[in-house]
Amino acid sequence: MRATLREAFESELRAAEELRRAGDLDRAFHHLERAHILGQQHVAPHVRTHLAMLRIGVQRRDAREIIGQVLRVPAAALGSALGVPPGGNTGGANVGFFARSEIPPDLKALLEQGGRRSRPQVSRSEPQASEDQKTHSEAQPSGGRSASD
């Protein structure tokens, strides 16, 4: 994680912790969602964010959030290591694991400054069949089997 992104991530975590200690759990969680957006491409920051969300879930006695975060902690470690997390996901139990969200402009600017790890592009296109292969497959009934099979 680049320095400017790390500073912004740590700032969001500090704000969340101060608000949590003051008992303002809704605003604290909001800062954790912002930290999640910034850190989800990196294993340790991603896991730290989910652990902090779990802590707020426990303070709220929110079973859904607790269960959601208990499931997300190992998923965050694995997902970040494999480069799977979607951009903009806020990380709370009220959001699907792979849901994409609009990234706030200030966070988007930080991520676009090179703070986000790039993922290799994988081609998903099918190879093109030759004309001979197309003619042969069109002549076959459904499933590629001949009528005598």
# chains A, B, ... in the order shown; residues from 1 in each chain; ligands from 1
>>> residues_around(residues="range 41-56 of chain A", least_positions_apart="6", cutoff="8 Å", atoms="only C-alpha atoms", output="list of chain:residue names")
A:Met1, A:Leu13, A:Arg20, A:Leu25, A:Phe29, A:Leu32, A:Ala35, A:Glu65, A:Ile66, A:Gln69, A:Val70, A:Arg72, A:Val73, A:Pro74, A:Ala76, A:Ala77, A:Leu78, A:Ser80, A:Ala81, A:Gly83, A:Pro85, A:Gly91, A:Gly92, A:Arg116, A:Arg117
>>> atom_distance(atom1="CA of Thr4 in chain A", atom2="CA of Gln113 in chain A")
8.7 Å
>>> atom_distance(atom1="CA of Arg61 in chain A", atom2="CA of Arg21 in chain A")
15.8 Å
>>> closest_atom_pairs(of="range 19-98 of chain A", to="range 108-112 of chain A", cutoff="12 Å", atoms="only C-alpha atoms", output="CSV")
residue,atom,partner,partner_atom,distance
A:Arg34,CA,A:Lys108,CA,10.7
A:Ala35,CA,A:Leu111,CA,11.8
A:Ile37,CA,A:Leu111,CA,9.1
A:Leu38,CA,A:Leu111,CA,7.1
A:Gly39,CA,A:Leu111,CA,9.7
A:Gln40,CA,A:Leu111,CA,11.1
A:Gln41,CA,A:Leu111,CA,10.2
A:Gly87,CA,A:Lys108,CA,9.7
A:Gly88,CA,A:Lys108,CA,8.8
>>> write_last_selection(atoms="N, CA and C atoms", output="compact mmCIF listing (two decimals), in the first residue's frame")
# COMPACT_ATOMS: atom_id res chain seq x y z
N ARG A 34 -15.42 3.54 4.95
CA ARG A 34 -14.48 4.28 4.10
C ARG A 34 -13.09 3.62 4.15
N ALA A 35 -12.67 3.20 5.33
CA ALA A 35 -11.39 2.49 5.46
C ALA A 35 -11.41 1.20 4.65
N ILE A 37 -13.09 0.55 1.91
CA ILE A 37 -12.92 0.87 0.49
C ILE A 37 -11.45 1.09 0.17
N LEU A 38 -10.74 1.79 1.04
CA LEU A 38 -9.32 2.09 0.80
C LEU A 38 -8.43 0.87 0.97
N GLY A 39 -8.78 -0.03 1.88
CA GLY A 39 -7.87 -1.11 2.23
C GLY A 39 -8.20 -2.47 1.67
N GLN A 40 -9.33 -2.63 1.00
CA GLN A 40 -9.78 -3.97 0.64
C GLN A 40 -8.90 -4.69 -0.38
N GLN A 41 -8.03 -4.01 -1.06
CA GLN A 41 -7.14 -4.67 -2.01
C GLN A 41 -5.86 -5.20 -1.34
N GLY A 87 -14.27 -3.35 -6.18
CA GLY A 87 -14.02 -1.98 -5.79
C GLY A 87 -15.27 -1.34 -5.21
N GLY A 88 -15.08 -0.56 -4.15
CA GLY A 88 -16.17 0.20 -3.58
C GLY A 88 -17.02 -0.52 -2.56
>>> atom_distance(atom1="CA of His31 in chain A", atom2="CA of Ala15 in chain A")
6.6 Å
